[in-house]
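Below is one structure, written out as structure tokens; comments come after it.
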Amino acid sequence: MPSSTTSDRGSENRGSENRGSQPSLPGAAYRFHCIGCGSILSAAAHDFRCAECGNLLEITDPAWKSPGVATHLKSLWRERRLSNSSLDLSGVWRFRELLPAPDSEQHVITLREGNTPLYELPRSSRSTGVSRLFAKHQGMNPTGSFKDAGMTVAATFARQAGYRWVACASTGNTSASMAAYAARGGMRSLVLVPEGKISWSKLSQALDYGALTCQLRTDFDGCLRLLQELVRRAPVYQLNSINPFRLEGQKALAFELLEQLDWQPPDHIIVPGGNLGNSSAIGKALLEMRDLSLIPSLPKLSVIQAEGANALVRTLREAGGKHLVSVQAETRATAIRIGNPASWQKAVNVLLATGGACEEVSEVEIAQAKAEIGAEGIGCEPASAVTLAGLRKLLRQGFVKNAETVVLVLTGSLLKDPDFTMEFHRGELLSGADNELVSRSLNRFRHPPLVLDATLDAVIQTLEQAEKAGPSL
Ligand code: F0G
């Protein structure tokens, strides 16, 4: 049980290092800022909502607007790459000047998250005509998704606040990540997932990391609603992206990306949208980097959703971003099968601030894009592939130009959803009568496994046929 009635208190102490005569960020405290009414709070309630207006909170710190520290921060962060200290080995805590500081470094729960590669995509570059096309692969995190970057921060603050139990509703990745970090931090974890709607691979992670796992007969939105009620009644700390500490950690993706690009901002960053925490976090980081003069200009941050889970697309088109248009979500990209995204308002704000676009893509487009990313020798889970499919759409609309630099954020590993991949290559995905024609158009992207007699002749014959047919992609 936590000892106070509030979940978390803002810090009076940054715990930052004394850097002698070098310029450094002034000591300051983080606070909770309500994105609705603008209230500034020193502590957050259990549901991480503003007591005045019920809206979501974000974490702010006046030090994140200090001018004149950009050069120092860039060299400090680079220096830390040579350090073997546990905080410096984390691709999140390495950027700790722009994160809320825990009371003590001893509280930090880390699995060496972050440090994810930025890959060139030569095949997709040729096929789209975008010559500078990169993938920031968050699937290369310890539990295989971007969630780890946020979880290291939020789990750390959960332990610091004295919680024994942490909990989340999830489409799979959050639960896998939370269960891992809870286990590392000596806390117990409660997972609420929609029964039959998440991949076995993600579910099995939560089981192995020791979570109490409940498959509820509802969808993700139903699980999240229940969790919100639970945290008011039971002493559990919620680790969904409503928790602003999660989003603070997820900002690190953007810091690391810009460092990898030598602080030259790309023209576009394209990210999948589900509950809309990640886009909000990346946008927040971009704005903070601009305020600190770490970057000279803002990339446009665009969000792509599946057509069957397009709440943000509809919110912008039908309600001008003023209120949420919820949908009954349906997509095989189960990670983003979300109809009532919690952070929609934060996402609208960052789209407006960066001038990004919001688009939707079909199931066929997702399947094709996933196969193309696989053929790059990288791979990703279906939800991540919406980014490449979305890029094609934004190019057709003229929003993205061929000469511009584009970064796709791949949020999860290929290994996260093997059923999707197997069904796709076997021609079983999207194989219903309605989809017959479009499904056939995907054949050139398929590489089904072959069953052969165990003879040399059979294998050599197959090899010759494959050579004659040429590469499928
Ligand atoms: N990509 C993957 C692989 C995800 O797992 C998720 C969200 C998203 C994209 C969307 O990110 O919600 O921040 O907009 N997965 C959550 C989960 C909801 O429970 O694992 P978002």
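Going by the structure tokens order, chains are called A, B, ..., each with residues numbered from 1, while ligands are numbered from 1 in the order shown.
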Which residues are near ligand 1 - at most 9 Å, using only C-alpha atoms and all ligand atoms? Format: as a short mmCIF file (atom, residue, chain, number, x, y, z; two decimals) with all heavy atoms, in the first residue's frame.
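Dumped to part.cif:
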data_model
loop_
_atom_site.label_atom_id
_atom_site.label_comp_id
_atom_site.auth_asym_id
_atom_site.auth_seq_id
_atom_site.Cartn_x
_atom_site.Cartn_y
_atom_site.Cartn_z
N GLN A 138 11.57 0.17 -32.63
CA GLN A 138 11.34 0.02 -31.19
C GLN A 138 11.04 -1.43 -30.81
O GLN A 138 10.96 -1.76 -29.62
CB GLN A 138 10.17 0.92 -30.75
CG GLN A 138 10.47 2.40 -30.89
CD GLN A 138 11.65 2.82 -30.05
OE1 GLN A 138 12.77 2.90 -30.54
NE2 GLN A 138 11.42 3.07 -28.78
N GLY A 139 10.87 -2.27 -31.82
CA GLY A 139 10.69 -3.70 -31.55
C GLY A 139 11.97 -4.33 -31.01
O GLY A 139 11.97 -5.46 -30.52
N GLY A 144 10.47 -6.47 -26.71
CA GLY A 144 10.04 -6.50 -28.10
C GLY A 144 9.10 -5.40 -28.54
O GLY A 144 8.55 -5.48 -29.64
N SER A 145 8.90 -4.39 -27.70
CA SER A 145 8.06 -3.27 -28.16
C SER A 145 8.50 -1.96 -27.51
O SER A 145 9.27 -1.95 -26.54
CB SER A 145 6.58 -3.51 -27.86
OG SER A 145 6.26 -3.09 -26.54
N PHE A 146 7.95 -0.87 -28.04
CA PHE A 146 8.28 0.47 -27.55
C PHE A 146 7.84 0.71 -26.11
O PHE A 146 8.24 1.69 -25.48
CB PHE A 146 7.64 1.54 -28.47
CG PHE A 146 6.14 1.65 -28.35
CD1 PHE A 146 5.56 2.64 -27.59
CD2 PHE A 146 5.31 0.78 -29.02
CE1 PHE A 146 4.18 2.77 -27.49
CE2 PHE A 146 3.93 0.88 -28.92
CZ PHE A 146 3.37 1.87 -28.15
N LYS A 147 6.99 -0.16 -25.60
CA LYS A 147 6.42 0.07 -24.27
C LYS A 147 7.50 0.12 -23.19
O LYS A 147 7.31 0.75 -22.16
CB LYS A 147 5.43 -1.04 -23.93
CG LYS A 147 4.33 -1.24 -24.94
CD LYS A 147 3.32 -0.12 -24.92
CE LYS A 147 2.22 -0.38 -25.94
NZ LYS A 147 1.21 0.66 -25.97
N CYS A 168 -2.52 -3.05 -15.61
CA CYS A 168 -2.82 -2.37 -16.89
C CYS A 168 -3.89 -3.14 -17.63
O CYS A 168 -4.11 -4.32 -17.41
CB CYS A 168 -1.56 -2.27 -17.76
SG CYS A 168 -1.04 -3.82 -18.50
N ALA A 169 -4.58 -2.41 -18.54
CA ALA A 169 -5.40 -3.03 -19.58
C ALA A 169 -4.52 -3.00 -20.81
O ALA A 169 -3.74 -2.07 -20.98
CB ALA A 169 -6.65 -2.20 -19.81
N SER A 170 -4.65 -4.01 -21.66
CA SER A 170 -3.69 -4.04 -22.76
C SER A 170 -4.17 -4.81 -23.97
O SER A 170 -4.99 -5.73 -23.86
CB SER A 170 -2.38 -4.68 -22.25
OG SER A 170 -1.41 -4.68 -23.27
N THR A 171 -3.63 -4.44 -25.13
CA THR A 171 -3.79 -5.27 -26.32
C THR A 171 -2.58 -6.22 -26.44
O THR A 171 -2.40 -6.86 -27.46
CB THR A 171 -3.92 -4.40 -27.59
OG1 THR A 171 -2.77 -3.53 -27.68
CG2 THR A 171 -5.18 -3.56 -27.58
N GLY A 172 -1.76 -6.25 -25.42
CA GLY A 172 -0.71 -7.27 -25.36
C GLY A 172 0.67 -6.75 -25.04
O GLY A 172 1.36 -7.30 -24.18
N ASN A 173 1.11 -5.71 -25.71
CA ASN A 173 2.48 -5.27 -25.50
C ASN A 173 2.69 -4.57 -24.16
O ASN A 173 3.70 -4.79 -23.50
CB ASN A 173 2.92 -4.33 -26.63
CG ASN A 173 3.30 -5.11 -27.88
OD1 ASN A 173 3.84 -6.22 -27.78
ND2 ASN A 173 3.02 -4.56 -29.04
N THR A 174 1.74 -3.74 -23.78
CA THR A 174 1.87 -3.07 -22.48
C THR A 174 1.94 -4.11 -21.37
O THR A 174 2.75 -4.00 -20.44
CB THR A 174 0.68 -2.13 -22.23
OG1 THR A 174 0.65 -1.14 -23.25
CG2 THR A 174 0.77 -1.44 -20.87
N SER A 175 1.10 -5.13 -21.48
CA SER A 175 1.07 -6.14 -20.41
C SER A 175 2.39 -6.91 -20.35
O SER A 175 2.91 -7.19 -19.26
CB SER A 175 -0.12 -7.08 -20.56
OG SER A 175 -0.20 -7.59 -21.86
N ALA A 176 2.95 -7.23 -21.51
CA ALA A 176 4.23 -7.95 -21.53
C ALA A 176 5.30 -7.10 -20.87
O ALA A 176 6.07 -7.56 -20.02
CB ALA A 176 4.62 -8.28 -22.97
N SER A 177 5.33 -5.84 -21.24
CA SER A 177 6.35 -4.94 -20.72
C SER A 177 6.15 -4.70 -19.22
O SER A 177 7.09 -4.79 -18.43
CB SER A 177 6.28 -3.62 -21.50
OG SER A 177 7.24 -2.72 -21.03
N VAL A 193 -6.71 -8.28 -20.20
CA VAL A 193 -6.65 -8.28 -21.67
C VAL A 193 -7.96 -8.82 -22.23
O VAL A 193 -8.64 -9.62 -21.59
CB VAL A 193 -5.47 -9.15 -22.20
CG1 VAL A 193 -4.14 -8.48 -21.92
CG2 VAL A 193 -5.50 -10.55 -21.64
N LYS A 202 2.36 -12.38 -27.08
CA LYS A 202 2.35 -11.34 -26.05
C LYS A 202 1.80 -11.88 -24.73
O LYS A 202 2.31 -11.59 -23.65
CB LYS A 202 1.51 -10.15 -26.51
CG LYS A 202 2.04 -9.50 -27.78
CD LYS A 202 1.09 -8.44 -28.32
CE LYS A 202 1.57 -7.97 -29.68
NZ LYS A 202 0.67 -6.97 -30.30
N PHE A 220 -10.57 -4.17 -25.67
CA PHE A 220 -9.58 -3.37 -24.92
C PHE A 220 -10.25 -2.22 -24.19
O PHE A 220 -9.94 -1.94 -23.02
CB PHE A 220 -8.51 -2.81 -25.89
CG PHE A 220 -7.64 -1.77 -25.24
CD1 PHE A 220 -6.55 -2.12 -24.45
CD2 PHE A 220 -7.92 -0.41 -25.39
CE1 PHE A 220 -5.76 -1.16 -23.83
CE2 PHE A 220 -7.13 0.56 -24.78
CZ PHE A 220 -6.05 0.18 -24.00
N ASN A 240 -1.13 2.08 -17.48
CA ASN A 240 -1.50 2.41 -18.87
C ASN A 240 -0.92 3.76 -19.24
O ASN A 240 -0.43 4.49 -18.37
CB ASN A 240 -3.02 2.44 -19.02
CG ASN A 240 -3.54 1.06 -19.31
OD1 ASN A 240 -3.94 0.34 -18.41
ND2 ASN A 240 -3.49 0.67 -20.57
N SER A 241 -1.03 4.13 -20.52
CA SER A 241 -0.38 5.38 -20.94
C SER A 241 -1.14 6.62 -20.46
O SER A 241 -0.71 7.74 -20.71
CB SER A 241 -0.15 5.39 -22.45
OG SER A 241 -1.35 5.15 -23.13
N LEU A 247 4.57 8.28 -20.57
CA LEU A 247 4.84 9.11 -21.75
C LEU A 247 6.18 9.81 -21.64
O LEU A 247 6.85 10.05 -22.64
CB LEU A 247 3.71 10.14 -21.95
CG LEU A 247 2.31 9.56 -22.14
CD1 LEU A 247 1.39 10.58 -22.79
CD2 LEU A 247 2.31 8.30 -22.97
N VAL A 271 3.94 7.50 -37.21
CA VAL A 271 3.78 6.60 -36.07
C VAL A 271 2.39 5.97 -36.10
O VAL A 271 1.43 6.61 -36.53
CB VAL A 271 4.05 7.41 -34.77
CG1 VAL A 271 3.04 8.51 -34.55
CG2 VAL A 271 4.13 6.53 -33.56
N PRO A 272 2.27 4.70 -35.67
CA PRO A 272 0.93 4.10 -35.59
C PRO A 272 0.14 4.72 -34.43
O PRO A 272 0.73 5.12 -33.43
CB PRO A 272 1.19 2.62 -35.28
CG PRO A 272 2.66 2.41 -35.31
CD PRO A 272 3.32 3.75 -35.25
N GLY A 273 -1.17 4.74 -34.55
CA GLY A 273 -2.00 5.29 -33.48
C GLY A 273 -2.99 4.27 -32.96
O GLY A 273 -3.76 3.68 -33.72
N GLY A 274 -2.97 4.03 -31.64
CA GLY A 274 -3.93 3.15 -30.98
C GLY A 274 -4.59 3.93 -29.87
O GLY A 274 -5.54 4.69 -30.08
N ASN A 275 -4.03 3.80 -28.67
CA ASN A 275 -4.54 4.56 -27.52
C ASN A 275 -3.97 5.98 -27.53
O ASN A 275 -4.30 6.80 -26.71
CB ASN A 275 -4.17 3.82 -26.22
CG ASN A 275 -5.22 3.99 -25.15
OD1 ASN A 275 -6.37 4.34 -25.44
ND2 ASN A 275 -4.85 3.76 -23.91
N LEU A 276 -3.03 6.22 -28.44
CA LEU A 276 -2.47 7.54 -28.78
C LEU A 276 -1.51 8.10 -27.73
O LEU A 276 -1.22 9.30 -27.73
CB LEU A 276 -3.60 8.54 -29.10
CG LEU A 276 -4.46 8.10 -30.30
CD1 LEU A 276 -5.64 9.04 -30.50
CD2 LEU A 276 -3.62 8.02 -31.58
N GLY A 277 -0.97 7.23 -26.89
CA GLY A 277 0.04 7.67 -25.94
C GLY A 277 1.37 7.94 -26.63
O GLY A 277 2.04 8.93 -26.35
N ASN A 278 1.74 7.05 -27.54
CA ASN A 278 3.08 7.17 -28.13
C ASN A 278 3.22 8.41 -29.00
O ASN A 278 4.20 9.14 -28.92
CB ASN A 278 3.39 5.91 -28.96
CG ASN A 278 4.87 5.65 -29.09
OD1 ASN A 278 5.65 6.02 -28.22
ND2 ASN A 278 5.27 5.05 -30.19
N SER A 279 2.21 8.67 -29.83
CA SER A 279 2.28 9.88 -30.66
C SER A 279 2.34 11.11 -29.76
O SER A 279 3.10 12.06 -30.03
CB SER A 279 1.09 9.95 -31.63
OG SER A 279 -0.08 9.47 -31.02
N SER A 280 1.57 11.09 -28.66
CA SER A 280 1.58 12.23 -27.74
C SER A 280 2.97 12.42 -27.14
O SER A 280 3.47 13.54 -27.01
CB SER A 280 0.58 12.02 -26.60
OG SER A 280 -0.70 11.79 -27.12
N ALA A 281 3.60 11.30 -26.76
CA ALA A 281 4.93 11.37 -26.12
C ALA A 281 5.98 11.88 -27.11
O ALA A 281 6.81 12.74 -26.76
CB ALA A 281 5.32 9.99 -25.61
N VAL A 303 0.10 10.51 -37.70
CA VAL A 303 -0.43 9.31 -37.03
C VAL A 303 -1.24 8.50 -38.04
O VAL A 303 -2.09 9.05 -38.74
CB VAL A 303 -1.34 9.71 -35.85
CG1 VAL A 303 -1.95 8.48 -35.20
CG2 VAL A 303 -0.56 10.52 -34.82
N GLN A 305 -3.75 5.10 -38.54
CA GLN A 305 -4.58 4.10 -37.86
C GLN A 305 -5.09 3.06 -38.86
O GLN A 305 -5.07 3.29 -40.08
CB GLN A 305 -5.78 4.79 -37.20
CG GLN A 305 -5.38 5.81 -36.14
CD GLN A 305 -6.54 6.23 -35.28
OE1 GLN A 305 -7.47 6.85 -35.77
NE2 GLN A 305 -6.47 5.89 -34.00
N ALA A 333 -4.65 -6.04 -36.96
CA ALA A 333 -3.51 -5.43 -36.27
C ALA A 333 -3.95 -5.23 -34.82
O ALA A 333 -4.30 -4.12 -34.38
CB ALA A 333 -3.14 -4.11 -36.93
N THR A 334 -3.98 -6.32 -34.07
CA THR A 334 -4.68 -6.31 -32.77
C THR A 334 -4.08 -5.31 -31.76
O THR A 334 -4.78 -4.87 -30.86
CB THR A 334 -4.67 -7.72 -32.13
OG1 THR A 334 -3.32 -8.20 -32.11
CG2 THR A 334 -5.55 -8.68 -32.91
N ALA A 335 -2.82 -4.96 -31.92
CA ALA A 335 -2.20 -4.01 -30.99
C ALA A 335 -2.93 -2.68 -31.00
O ALA A 335 -2.94 -1.96 -29.99
CB ALA A 335 -0.73 -3.81 -31.35
N ILE A 336 -3.51 -2.31 -32.14
CA ILE A 336 -4.17 -1.01 -32.24
C ILE A 336 -5.69 -1.17 -32.43
O ILE A 336 -6.35 -0.31 -33.01
CB ILE A 336 -3.55 -0.15 -33.38
CG1 ILE A 336 -3.46 -0.92 -34.69
CG2 ILE A 336 -2.18 0.37 -32.96
CD1 ILE A 336 -3.01 -0.07 -35.88
N ARG A 337 -6.21 -2.27 -31.93
CA ARG A 337 -7.66 -2.52 -32.00
C ARG A 337 -8.32 -1.79 -30.83
O ARG A 337 -8.70 -2.36 -29.83
CB ARG A 337 -7.90 -4.03 -31.92
CG ARG A 337 -9.28 -4.49 -32.23
CD ARG A 337 -9.31 -6.01 -32.20
NE ARG A 337 -10.63 -6.52 -32.46
CZ ARG A 337 -11.57 -6.65 -31.53
NH1 ARG A 337 -11.32 -6.33 -30.29
NH2 ARG A 337 -12.76 -7.13 -31.85
N ILE A 338 -8.40 -0.48 -30.97
CA ILE A 338 -8.84 0.40 -29.88
C ILE A 338 -9.82 1.43 -30.45
O ILE A 338 -9.52 2.08 -31.46
CB ILE A 338 -7.61 1.13 -29.27
CG1 ILE A 338 -6.69 0.10 -28.59
CG2 ILE A 338 -8.04 2.22 -28.28
CD1 ILE A 338 -5.36 0.65 -28.12
N PRO A 341 -9.70 5.91 -27.80
CA PRO A 341 -8.33 6.18 -27.33
C PRO A 341 -8.26 7.23 -26.22
O PRO A 341 -8.79 8.33 -26.35
CB PRO A 341 -7.61 6.69 -28.59
CG PRO A 341 -8.67 7.03 -29.57
CD PRO A 341 -9.89 6.24 -29.23
N ALA A 342 -7.56 6.86 -25.14
CA ALA A 342 -7.54 7.72 -23.95
C ALA A 342 -6.83 9.04 -24.22
O ALA A 342 -7.25 10.09 -23.74
CB ALA A 342 -6.86 6.97 -22.81
N SER A 343 -5.74 9.00 -24.99
CA SER A 343 -4.92 10.22 -25.14
C SER A 343 -5.25 10.99 -26.42
O SER A 343 -4.39 11.66 -26.98
CB SER A 343 -3.44 9.85 -25.12
OG SER A 343 -3.08 9.35 -23.85
N TRP A 344 -6.51 10.89 -26.89
CA TRP A 344 -6.85 11.51 -28.17
C TRP A 344 -6.57 13.02 -28.18
O TRP A 344 -6.08 13.56 -29.16
CB TRP A 344 -8.31 11.22 -28.54
CG TRP A 344 -9.33 11.90 -27.66
CD1 TRP A 344 -9.83 11.42 -26.50
CD2 TRP A 344 -9.91 13.20 -27.85
NE1 TRP A 344 -10.71 12.32 -25.95
CE2 TRP A 344 -10.78 13.42 -26.76
CE3 TRP A 344 -9.80 14.18 -28.84
CZ2 TRP A 344 -11.53 14.59 -26.63
CZ3 TRP A 344 -10.55 15.35 -28.71
CH2 TRP A 344 -11.40 15.54 -27.62
N ALA A 347 -2.97 13.81 -28.54
CA ALA A 347 -2.54 13.53 -29.91
C ALA A 347 -3.00 14.65 -30.86
O ALA A 347 -2.24 15.09 -31.72
CB ALA A 347 -3.06 12.18 -30.38
N CYS A 380 8.38 -6.56 -38.59
CA CYS A 380 7.69 -5.84 -37.51
C CYS A 380 6.34 -6.48 -37.32
O CYS A 380 5.95 -7.35 -38.10
CB CYS A 380 7.52 -4.36 -37.87
SG CYS A 380 6.46 -4.07 -39.30
N GLU A 381 5.63 -6.06 -36.29
CA GLU A 381 4.28 -6.61 -36.12
C GLU A 381 3.29 -5.79 -36.95
O GLU A 381 3.61 -4.68 -37.40
CB GLU A 381 3.91 -6.71 -34.65
CG GLU A 381 3.73 -5.42 -33.90
CD GLU A 381 3.04 -5.68 -32.56
OE1 GLU A 381 1.82 -5.98 -32.52
OE2 GLU A 381 3.73 -5.58 -31.55
N PRO A 382 2.08 -6.33 -37.18
CA PRO A 382 1.15 -5.65 -38.10
C PRO A 382 0.89 -4.18 -37.76
O PRO A 382 0.89 -3.34 -38.66
CB PRO A 382 -0.14 -6.48 -37.97
CG PRO A 382 0.29 -7.81 -37.45
CD PRO A 382 1.54 -7.61 -36.67
N ALA A 383 0.72 -3.88 -36.48
CA ALA A 383 0.40 -2.49 -36.11
C ALA A 383 1.50 -1.53 -36.57
O ALA A 383 1.22 -0.38 -36.94
CB ALA A 383 0.21 -2.37 -34.61
N SER A 384 2.74 -1.98 -36.55
CA SER A 384 3.86 -1.11 -36.95
C SER A 384 3.84 -0.84 -38.45
O SER A 384 4.29 0.22 -38.90
CB SER A 384 5.19 -1.78 -36.60
OG SER A 384 5.22 -2.21 -35.28
N ALA A 385 3.32 -1.83 -39.20
CA ALA A 385 3.35 -1.72 -40.66
C ALA A 385 2.41 -0.65 -41.20
O ALA A 385 2.54 -0.23 -42.35
CB ALA A 385 3.03 -3.08 -41.29
N VAL A 409 8.21 4.88 -37.42
CA VAL A 409 8.43 4.30 -36.10
C VAL A 409 7.82 2.89 -36.09
O VAL A 409 6.60 2.73 -36.18
CB VAL A 409 7.80 5.16 -34.99
CG1 VAL A 409 8.00 4.48 -33.63
CG2 VAL A 409 8.43 6.55 -34.98
N LEU A 410 8.70 1.88 -36.05
CA LEU A 410 8.23 0.50 -35.97
C LEU A 410 8.13 0.15 -34.49
O LEU A 410 9.13 0.13 -33.78
CB LEU A 410 9.18 -0.44 -36.71
CG LEU A 410 9.41 -0.10 -38.19
CD1 LEU A 410 10.31 -1.13 -38.85
CD2 LEU A 410 8.09 0.02 -38.95
N THR A 411 6.91 -0.12 -34.05
CA THR A 411 6.65 -0.18 -32.61
C THR A 411 6.84 -1.55 -31.98
O THR A 411 7.03 -1.66 -30.77
CB THR A 411 5.21 0.30 -32.36
OG1 THR A 411 4.37 -0.31 -33.36
CG2 THR A 411 5.10 1.80 -32.46
N GLY A 412 6.77 -2.61 -32.80
CA GLY A 412 6.86 -3.95 -32.22
C GLY A 412 7.58 -4.93 -33.12
O GLY A 412 7.62 -4.76 -34.35
N SER A 413 8.13 -5.96 -32.52
CA SER A 413 8.92 -6.96 -33.24
C SER A 413 8.05 -7.89 -34.10
O SER A 413 6.89 -8.16 -33.77
CB SER A 413 9.67 -7.80 -32.20
OG SER A 413 9.98 -9.06 -32.68
N LYS A 416 6.19 -10.78 -32.43
CA LYS A 416 5.05 -10.51 -31.54
C LYS A 416 3.75 -11.15 -32.02
O LYS A 416 2.84 -11.36 -31.24
CB LYS A 416 4.83 -9.00 -31.42
CG LYS A 416 5.83 -8.30 -30.52
CD LYS A 416 5.55 -8.60 -29.08
CE LYS A 416 6.31 -7.65 -28.16
NZ LYS A 416 5.88 -7.81 -26.76
#
I'd like to know which residues of stretch 207-302 of chain A are helix (DSSP H, G or I) (by DSSP, run on the backbone); could you write them as a ChimeraX atom specification?
/A:207-208,220-233,244-250,252-260,277-291
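Within 12 Å of A:Arg123, once only C-alpha atoms are used and residues closer than 6 positions along the same chain are dropped, the contacting residues are Gly129, Val130, Ser131, Arg132, Leu133, Phe134, Ala369, Ala371, Glu372, Ile373, Gly374, Ala375, Glu376, Gly377, Ile378, Leu388 and Leu473 of chain A.
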Just the selected residues (N, CA and C atoms), exported as a PDB file, in the first residue's frame, please.
ATOM      1  N   GLY A 129      10.006   5.720 -53.711  1.00  0.00           N
ATOM      2  CA  GLY A 129      10.654   6.893 -54.310  1.00  0.00           C
ATOM      3  C   GLY A 129      11.167   7.884 -53.270  1.00  0.00           C
ATOM      4  N   VAL A 130      11.074   7.526 -51.977  1.00  0.00           N
ATOM      5  CA  VAL A 130      11.598   8.420 -50.923  1.00  0.00           C
ATOM      6  C   VAL A 130      13.044   8.011 -50.667  1.00  0.00           C
ATOM      7  N   SER A 131      13.979   8.852 -51.059  1.00  0.00           N
ATOM      8  CA  SER A 131      15.371   8.385 -51.020  1.00  0.00           C
ATOM      9  C   SER A 131      15.936   8.329 -49.596  1.00  0.00           C
ATOM     10  N   ARG A 132      15.448   9.198 -48.723  1.00  0.00           N
ATOM     11  CA  ARG A 132      15.940   9.132 -47.331  1.00  0.00           C
ATOM     12  C   ARG A 132      14.813   8.613 -46.434  1.00  0.00           C
ATOM     13  N   LEU A 133      14.735   7.276 -46.392  1.00  0.00           N
ATOM     14  CA  LEU A 133      13.656   6.630 -45.641  1.00  0.00           C
ATOM     15  C   LEU A 133      14.263   5.732 -44.560  1.00  0.00           C
ATOM     16  N   PHE A 134      13.874   5.969 -43.306  1.00  0.00           N
ATOM     17  CA  PHE A 134      14.449   5.225 -42.179  1.00  0.00           C
ATOM     18  C   PHE A 134      13.348   4.582 -41.337  1.00  0.00           C
ATOM     19  N   ALA A 369       2.338  -4.028 -46.485  1.00  0.00           N
ATOM     20  CA  ALA A 369       3.447  -3.232 -45.913  1.00  0.00           C
ATOM     21  C   ALA A 369       4.257  -4.074 -44.935  1.00  0.00           C
ATOM     22  N   ALA A 371       4.739  -7.289 -45.054  1.00  0.00           N
ATOM     23  CA  ALA A 371       5.588  -8.211 -45.834  1.00  0.00           C
ATOM     24  C   ALA A 371       6.779  -7.453 -46.430  1.00  0.00           C
ATOM     25  N   GLU A 372       6.550  -6.224 -46.849  1.00  0.00           N
ATOM     26  CA  GLU A 372       7.652  -5.451 -47.441  1.00  0.00           C
ATOM     27  C   GLU A 372       8.726  -5.135 -46.393  1.00  0.00           C
ATOM     28  N   ILE A 373       8.289  -4.812 -45.181  1.00  0.00           N
ATOM     29  CA  ILE A 373       9.259  -4.516 -44.117  1.00  0.00           C
ATOM     30  C   ILE A 373      10.000  -5.800 -43.729  1.00  0.00           C
ATOM     31  N   GLY A 374       9.283  -6.922 -43.784  1.00  0.00           N
ATOM     32  CA  GLY A 374       9.928  -8.215 -43.541  1.00  0.00           C
ATOM     33  C   GLY A 374      11.007  -8.477 -44.576  1.00  0.00           C
ATOM     34  N   ALA A 375      10.694  -8.173 -45.834  1.00  0.00           N
ATOM     35  CA  ALA A 375      11.641  -8.445 -46.925  1.00  0.00           C
ATOM     36  C   ALA A 375      12.874  -7.534 -46.859  1.00  0.00           C
ATOM     37  N   GLU A 376      12.827  -6.528 -45.996  1.00  0.00           N
ATOM     38  CA  GLU A 376      14.016  -5.693 -45.769  1.00  0.00           C
ATOM     39  C   GLU A 376      14.984  -6.400 -44.814  1.00  0.00           C
ATOM     40  N   GLY A 377      14.549  -7.568 -44.276  1.00  0.00           N
ATOM     41  CA  GLY A 377      15.364  -8.263 -43.282  1.00  0.00           C
ATOM     42  C   GLY A 377      15.196  -7.668 -41.895  1.00  0.00           C
ATOM     43  N   ILE A 378      14.106  -6.946 -41.703  1.00  0.00           N
ATOM     44  CA  ILE A 378      13.874  -6.267 -40.418  1.00  0.00           C
ATOM     45  C   ILE A 378      12.635  -6.853 -39.744  1.00  0.00           C
ATOM     46  N   LEU A 388       4.320   2.305 -43.021  1.00  0.00           N
ATOM     47  CA  LEU A 388       4.730   2.272 -44.429  1.00  0.00           C
ATOM     48  C   LEU A 388       3.508   2.425 -45.337  1.00  0.00           C
ATOM     49  N   LEU A 473       9.552 -10.378 -54.472  1.00  0.00           N
ATOM     50  CA  LEU A 473       9.273  -8.952 -54.183  1.00  0.00           C
ATOM     51  C   LEU A 473      10.144  -8.046 -55.024  1.00  0.00           C
TER      52      LEU A 473
END
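For A:Phe245, the list of residues within 10 Å, based on only C-alpha atoms and with local chain neighbours fewer than 2 positions off taken out, reads A:Asp8, A:Leu57, A:Glu58, A:Ile59, A:Leu99, A:Pro100, A:Gly150, A:Met151, A:Thr152, A:Val153, A:Ala154, A:Ala155, A:Thr156, A:Phe157, A:Ala158, A:Leu239, A:Asn240, A:Ser241, A:Ile242, A:Asn243, A:Leu247, A:Glu248, A:Gly249, A:Gln250.
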Might you pull out every residue within 12 Å of A:Val236, with only C-alpha atoms counted and same-chain residues fewer than 5 positions away left off, and present them as a list in words?
Met1, Pro2, Thr6, Ser7, His46, Asp47, Ala158, Arg159, Ala161, Gly162, Tyr163, Arg164, Trp165, Val166, Ala167, Cys168, Met187, Arg188, Ser189, Leu190, Val191, Leu227, Gln228, Glu229, Leu230 and Val231 of chain A
Would you list, as a PyMOL selection string, the residues of stretch 239-407 of chain A that end up in strand (DSSP E or B) under DSSP run on this structure's backbone?
chain A and resi 268-272+300-306+358-361+405-407
If you count only C-alpha atoms, which residues fall within 9 Å of A:Pro449, apart from same-chain ones fewer than 2 positions away, as a VMD selection string?
chain A and resid 425 to 426 447 451
